[in-house]
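Asks: Sending over run29.cif (mmCIF, C-alpha atoms).
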data_run
loop_
_atom_site.label_atom_id
_atom_site.label_comp_id
_atom_site.auth_asym_id
_atom_site.auth_seq_id
_atom_site.Cartn_x
_atom_site.Cartn_y
_atom_site.Cartn_z
CA MET A 1 112.76 73.05 111.13
CA GLN A 2 113.32 73.88 107.47
CA ALA A 3 110.17 72.00 106.52
CA TRP A 4 108.14 73.90 109.14
CA LEU A 5 109.44 77.27 107.94
CA SER A 6 108.57 76.30 104.38
CA GLN A 7 105.08 75.38 105.52
CA LEU A 8 104.67 78.74 107.27
CA GLN A 9 105.74 80.58 104.12
CA SER A 10 103.32 78.56 102.03
CA THR A 11 100.45 79.07 104.47
CA PHE A 12 100.84 82.75 105.31
CA VAL A 13 102.93 84.33 102.53
CA ASP A 14 102.39 82.47 99.28
CA SER A 15 98.64 82.02 99.82
CA GLY A 16 98.10 85.57 101.12
CA GLY A 17 97.06 84.30 104.53
CA ILE A 18 98.97 87.10 106.27
CA ASN A 19 96.58 89.63 104.71
CA LEU A 20 93.61 87.74 106.11
CA LEU A 21 95.23 87.76 109.55
CA LYS A 22 95.80 91.52 109.34
CA LYS A 23 92.19 92.08 108.36
CA GLY A 24 90.96 89.77 111.11
CA PHE A 25 93.15 91.47 113.70
CA GLY A 26 91.86 94.92 112.71
CA ASN A 27 88.24 93.78 112.82
CA THR A 28 88.70 92.10 116.20
CA ILE A 29 90.19 95.25 117.73
CA THR A 30 87.48 97.44 116.15
CA ILE A 31 84.66 95.25 117.47
CA THR A 32 86.22 94.96 120.92
CA LEU A 33 86.79 98.69 121.43
CA GLY A 34 83.47 99.66 119.85
CA ALA A 35 81.57 97.18 122.02
CA LEU A 36 83.42 98.41 125.12
CA VAL A 37 82.29 102.00 124.45
CA VAL A 38 78.68 100.87 123.93
CA GLY A 39 78.83 98.68 127.03
CA VAL A 40 80.22 101.47 129.22
CA LEU A 41 77.56 103.92 128.02
CA ILE A 42 74.71 101.46 128.62
CA GLY A 43 76.17 100.27 131.92
CA THR A 44 76.64 103.83 133.20
CA LEU A 45 73.08 104.80 132.26
CA ILE A 46 71.59 101.75 133.99
CA ALA A 47 73.81 102.18 137.07
CA VAL A 48 72.79 105.83 137.49
CA ILE A 49 69.09 105.01 137.00
CA LYS A 50 69.24 102.25 139.60
CA TYR A 51 71.22 104.47 142.00
CA PHE A 52 68.66 107.27 141.88
CA GLY A 53 65.74 104.85 141.65
CA GLU A 54 66.38 103.56 145.15
CA ASP A 55 64.82 106.72 146.66
CA SER A 56 62.42 107.74 143.91
CA LYS A 57 58.99 106.21 143.36
CA TRP A 58 58.50 107.66 139.89
CA MET A 59 61.72 105.99 138.71
CA LYS A 60 60.64 102.52 139.83
CA PRO A 61 59.32 101.60 136.31
CA LEU A 62 62.70 102.56 134.83
CA VAL A 63 64.49 100.48 137.45
CA TRP A 64 62.20 97.57 136.62
CA LEU A 65 63.01 97.92 132.90
CA CYS A 66 66.73 98.01 133.70
CA ASP A 67 66.43 94.86 135.81
CA LEU A 68 64.48 93.18 133.01
CA TYR A 69 67.17 94.15 130.49
CA VAL A 70 69.95 92.78 132.67
CA THR A 71 68.07 89.54 133.33
CA VAL A 72 67.18 88.92 129.68
CA ILE A 73 70.61 89.75 128.24
CA ARG A 74 72.46 87.74 130.86
CA GLY A 75 70.15 84.80 130.25
CA ILE A 76 70.79 84.58 126.48
CA PRO A 77 74.10 83.17 125.18
CA VAL A 78 76.02 85.84 123.28
CA VAL A 79 76.16 83.65 120.14
CA VAL A 80 72.37 83.37 120.08
CA LEU A 81 72.05 87.11 120.71
CA LEU A 82 74.44 87.78 117.83
CA LEU A 83 72.40 85.63 115.45
CA VAL A 84 69.13 87.25 116.54
CA PHE A 85 70.48 90.73 115.83
CA TYR A 86 72.04 89.75 112.52
CA PHE A 87 69.17 87.74 111.03
CA ILE A 88 66.15 89.43 112.66
CA ILE A 89 66.70 92.85 114.20
CA MET A 90 69.46 94.37 112.02
CA GLN A 91 69.10 92.48 108.74
CA SER A 92 70.32 95.33 106.52
CA SER A 93 73.39 96.19 108.64
CA GLU A 94 76.99 95.10 108.11
CA GLY A 95 78.36 92.29 110.21
CA ILE A 96 80.87 94.49 112.05
CA THR A 97 78.16 96.97 113.03
CA VAL A 98 75.93 94.16 114.24
CA ALA A 99 78.81 92.66 116.22
CA ILE A 100 79.67 95.97 117.91
CA ILE A 101 76.04 96.60 118.89
CA THR A 102 75.43 93.03 120.04
CA PHE A 103 78.59 92.66 122.09
CA GLY A 104 78.06 96.16 123.47
CA ILE A 105 74.52 95.36 124.59
CA ASN A 106 75.69 92.10 126.11
CA SER A 107 78.57 93.84 127.88
CA GLY A 108 76.29 96.61 129.15
CA ALA A 109 74.28 94.10 131.18
CA TYR A 110 77.42 93.10 133.07
CA MET A 111 78.97 96.56 133.09
CA ALA A 112 75.89 98.01 134.81
CA GLU A 113 76.48 96.06 138.01
CA LEU A 114 80.23 96.75 137.92
CA ILE A 115 79.67 100.49 137.62
CA ARG A 116 76.89 100.50 140.23
CA SER A 117 79.21 98.70 142.65
CA GLY A 118 81.87 101.33 142.00
CA ILE A 119 79.40 104.13 142.68
CA ASN A 120 78.19 102.46 145.88
CA ALA A 121 81.81 102.11 147.03
CA VAL A 122 82.02 105.91 147.34
CA ASP A 123 81.11 107.14 150.81
CA GLY A 124 77.48 108.24 150.96
CA GLY A 125 78.55 111.44 152.66
CA GLN A 126 79.98 112.67 149.36
CA MET A 127 76.52 112.93 147.86
CA GLU A 128 75.26 114.70 150.98
CA ALA A 129 78.18 117.12 150.81
CA GLY A 130 77.31 117.98 147.22
CA ARG A 131 73.66 118.47 148.12
CA SER A 132 74.64 120.76 151.02
CA LEU A 133 76.49 122.95 148.52
CA GLY A 134 73.28 123.46 146.57
CA MET A 135 73.89 120.90 143.86
CA SER A 136 71.17 118.71 142.43
CA LYS A 137 71.58 114.94 142.80
CA LEU A 138 72.60 114.70 139.14
CA GLN A 139 75.20 117.46 139.53
CA ALA A 140 76.60 115.87 142.68
CA MET A 141 76.79 112.53 140.89
CA ARG A 142 78.56 114.04 137.87
CA LEU A 143 80.97 116.34 139.70
CA ILE A 144 81.66 114.56 143.01
CA VAL A 145 80.57 110.91 143.21
CA PHE A 146 81.33 109.57 139.75
CA PRO A 147 84.90 110.99 139.51
CA GLN A 148 85.70 109.23 142.79
CA ALA A 149 84.02 106.02 141.65
CA ILE A 150 86.22 105.81 138.55
CA ARG A 151 89.15 104.40 140.52
CA TYR A 152 86.93 101.50 141.58
CA ILE A 153 85.40 101.06 138.14
CA LEU A 154 88.51 101.14 135.91
CA PRO A 155 89.95 97.74 136.98
CA ALA A 156 86.55 96.13 136.36
CA ILE A 157 86.35 97.76 132.93
CA GLY A 158 89.81 96.39 132.16
CA ASN A 159 88.66 92.87 133.01
CA GLU A 160 85.56 93.36 130.88
CA LEU A 161 87.77 94.48 127.97
CA ILE A 162 89.70 91.20 128.18
CA ALA A 163 86.45 89.22 128.32
CA LEU A 164 85.11 91.14 125.30
CA LEU A 165 88.26 90.45 123.32
CA LYS A 166 87.79 86.72 123.75
CA GLU A 167 84.02 86.86 123.18
CA THR A 168 84.51 88.42 119.74
CA ALA A 169 85.91 85.09 118.56
CA VAL A 170 82.32 84.12 117.66
CA ALA A 171 81.84 87.15 115.37
CA GLY A 172 82.49 84.86 112.40
CA TYR A 173 78.95 83.53 112.80
CA VAL A 174 77.70 86.72 111.14
CA ALA A 175 80.21 86.72 108.25
CA VAL A 176 82.74 88.97 109.97
CA VAL A 177 86.36 88.15 109.22
CA ASP A 178 87.72 88.37 112.76
CA LEU A 179 90.90 86.66 113.95
CA THR A 180 89.25 83.29 114.49
CA ARG A 181 87.45 83.28 111.14
CA ALA A 182 90.64 84.44 109.40
CA GLY A 183 92.43 81.41 110.85
CA ASN A 184 89.66 79.11 109.64
CA LEU A 185 89.70 80.63 106.16
CA ILE A 186 93.47 80.19 105.91
CA ARG A 187 93.10 76.60 107.13
CA ASN A 188 90.42 75.89 104.49
CA ASN A 189 92.42 77.51 101.70
CA THR A 190 95.78 75.91 102.47
CA TYR A 191 94.69 72.60 104.07
CA ASP A 192 97.10 73.44 106.89
CA ALA A 193 95.07 72.50 109.97
CA VAL A 194 97.68 73.34 112.59
CA ASN A 195 99.64 76.54 111.94
CA PRO A 196 96.75 78.99 111.28
CA LEU A 197 94.90 78.07 114.46
CA MET A 198 98.07 78.03 116.54
CA ILE A 199 99.03 81.48 115.27
CA VAL A 200 95.54 82.82 116.05
CA ALA A 201 95.73 81.33 119.55
CA LEU A 202 99.14 82.91 120.05
CA ILE A 203 97.88 86.34 118.96
CA TYR A 204 94.97 86.15 121.41
CA LEU A 205 97.34 85.04 124.16
CA ILE A 206 99.73 87.94 123.51
CA LEU A 207 96.84 90.42 123.51
CA VAL A 208 95.38 89.07 126.76
CA VAL A 209 98.76 88.92 128.53
CA GLY A 210 99.55 92.46 127.35
CA LEU A 211 96.20 93.84 128.51
CA SER A 212 96.55 92.03 131.84
CA ALA A 213 99.97 93.60 132.39
CA LEU A 214 98.60 97.07 131.61
CA LEU A 215 95.68 96.42 133.96
CA LYS A 216 98.04 95.49 136.79
CA GLN A 217 100.02 98.68 136.25
CA ALA A 218 96.82 100.71 136.33
CA GLU A 219 95.72 99.02 139.55
CA LYS A 220 99.09 99.79 141.17
CA ARG A 221 98.76 103.45 140.28
CA LEU A 222 95.21 103.57 141.58
CA GLY A 223 96.41 101.87 144.76
CA LYS A 224 99.04 104.60 145.25
CA TYR A 225 96.31 107.19 144.72
CA ASP A 226 94.18 105.60 147.47
CA LYS A 227 97.05 105.78 149.96
CA ARG A 228 97.47 109.52 149.52
#
Can you turn what I pasted into structure tokens?
Replies:
Amino acid sequence: MQAWLSQLQSTFVDSGGINLLKKGFGNTITITLGALVVGVLIGTLIAVIKYFGEDSKWMKPLVWLCDLYVTVIRGIPVVVLLLVFYFIIMQSSEGITVAIITFGINSGAYMAELIRSGINAVDGGQMEAGRSLGMSKLQAMRLIVFPQAIRYILPAIGNELIALLKETAVAGYVAVVDLTRAGNLIRNNTYDAVNPLMIVALIYLILVVGLSALLKQAEKRLGKYDKR
């Protein structure tokens, strides 16, 4: 036990590894939350376009473009997409910015269907009720349908947040010091192959378990709301 504690001190304190972990943790959280915002914005836009495009001929080209986007992004591994953005599309941008945009675009392709499903879960009569009050389709969507759809969408967004958190572990491919890369750097600097990676794994586990617990609490509250 004493030898293990000495090894931990040497790996994380004496070598400054704890500072790398702090930096990696901050970057991981920044990328995850930033990508979630981008993903929600893209997903909402695509979901609304596809919702209105079902009954509008002039929106069919936009719907086709949205379908193409979803198909292409879903068909490319996120690591490859990250490298394409870093080395080709956004060459002059910082790694964190590239990671946020890339993970956000990737998440948006999945978020679009989640949000569209949430919108479709709202009774169609709600849109008709809004239209009967003199609202445009966009106003009815914004003021009536979408607020009701949120209770169906939030749990899915929570699951996507957890997935994003774990996906960011590949951000090190574009020179971003995230949690995983911080663990690798500590391992390379200290020649300790076990403790850095185990600590990184433990941090991810704590984050995921914590987010899952919060998600369950949110679902319970939404469930109580549905029963009212």
Asks: Expand the PyMOL selection byres ((chain A and resi 36) around 8) into the explicit residue set it covers here, and present it as a ChimeraX atom specification.
Replies: /A:32-35,37-40,104,107,160-161,164
Asks: Would you mind listing what lies within 8 Å of range 11-27 of chain A as JSON, numbers by chain, with all atoms listed in the file counted and same-chain residues fewer than 2 positions away left out?
Replies: {"A": [7, 8, 9, 29, 30, 31, 96, 176, 177, 178, 179, 180, 181, 182, 183, 186, 189, 190, 192, 195, 196]}
Asks: Expand the PyMOL selection byres ((chain A and resi 60-66) around 12) into the individual residues it matches in the shown file, reporting them as an NGL selection string.
Replies: :A and (42-59 or 67-73 or 108-110 or 112-113)
Asks: Give me the result of the PyMOL selection byres ((chain A and resi 204-221) around 10) on this file, residue by residue, as a PyMOL selection string.
Replies: chain A and resi 25+151-152+154-159+161-163+165-166+169+179-180+198-203+222-226
Asks: If you measure from CA of Ser92 in chain A to CA of Ala175 in chain A, what distance in Å do you get, rounded to one decimal?
Replies: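 So the answer is 13.2 Å.
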Asks: Quick one: distance from CA of Tyr191 in chain A to CA of Gly172 in chain A in Å, one decimal?
Replies: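 Computing the Euclidean distance for CA of Tyr191 in chain A and CA of Gly172 in chain A yields 19.2 Å.
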Asks: Padding 3 Å on each side, edges along x, y and z: where is the centre of the box around the listed atoms of range 53-62 of chain A, and how long are its edges in Å to one decimal? Output it as AutoDock Vina command-line options.
Replies:
--center_x 62.4 --center_y 104.7 --center_z 140.7 --size_x 13.9 --size_y 12.1 --size_z 17.8
Asks: For CA of Thr28 in chain A and CA of Gly75 in chain A, quote the distance in Å rounded to one decimal.
Replies: 24.4 Å
Asks: Between A:Ala121, A:Arg74, A:Ser10, A:Val174, which has the minimum distance to Arg187 in chain A (counting all atoms listed in the file)?
Replies: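 Nearest to Arg187 in chain A: A:Ser10.
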Asks: With distances taken over all atoms listed in the file, which residue among A:Lys137, A:Leu197, A:Met111, A:Leu83 lies nearest Gly95 in chain A?
Replies: A:Leu83
Asks: Tell me which of A:Ser6, A:Ser117, A:Gln139, A:Thr168 sits closest to Leu82 in chain A, counting only C-alpha atoms.
Replies: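 Using only C-alpha atoms, the shortest distance to Leu82 in chain A belongs to A:Thr168.
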Asks: Pick out the closest residue to Glu167 in chain A from this set: A:Val79, A:Pro147, A:Asp123, A:Ala193. Count only C-alpha atoms.
Replies: A:Val79
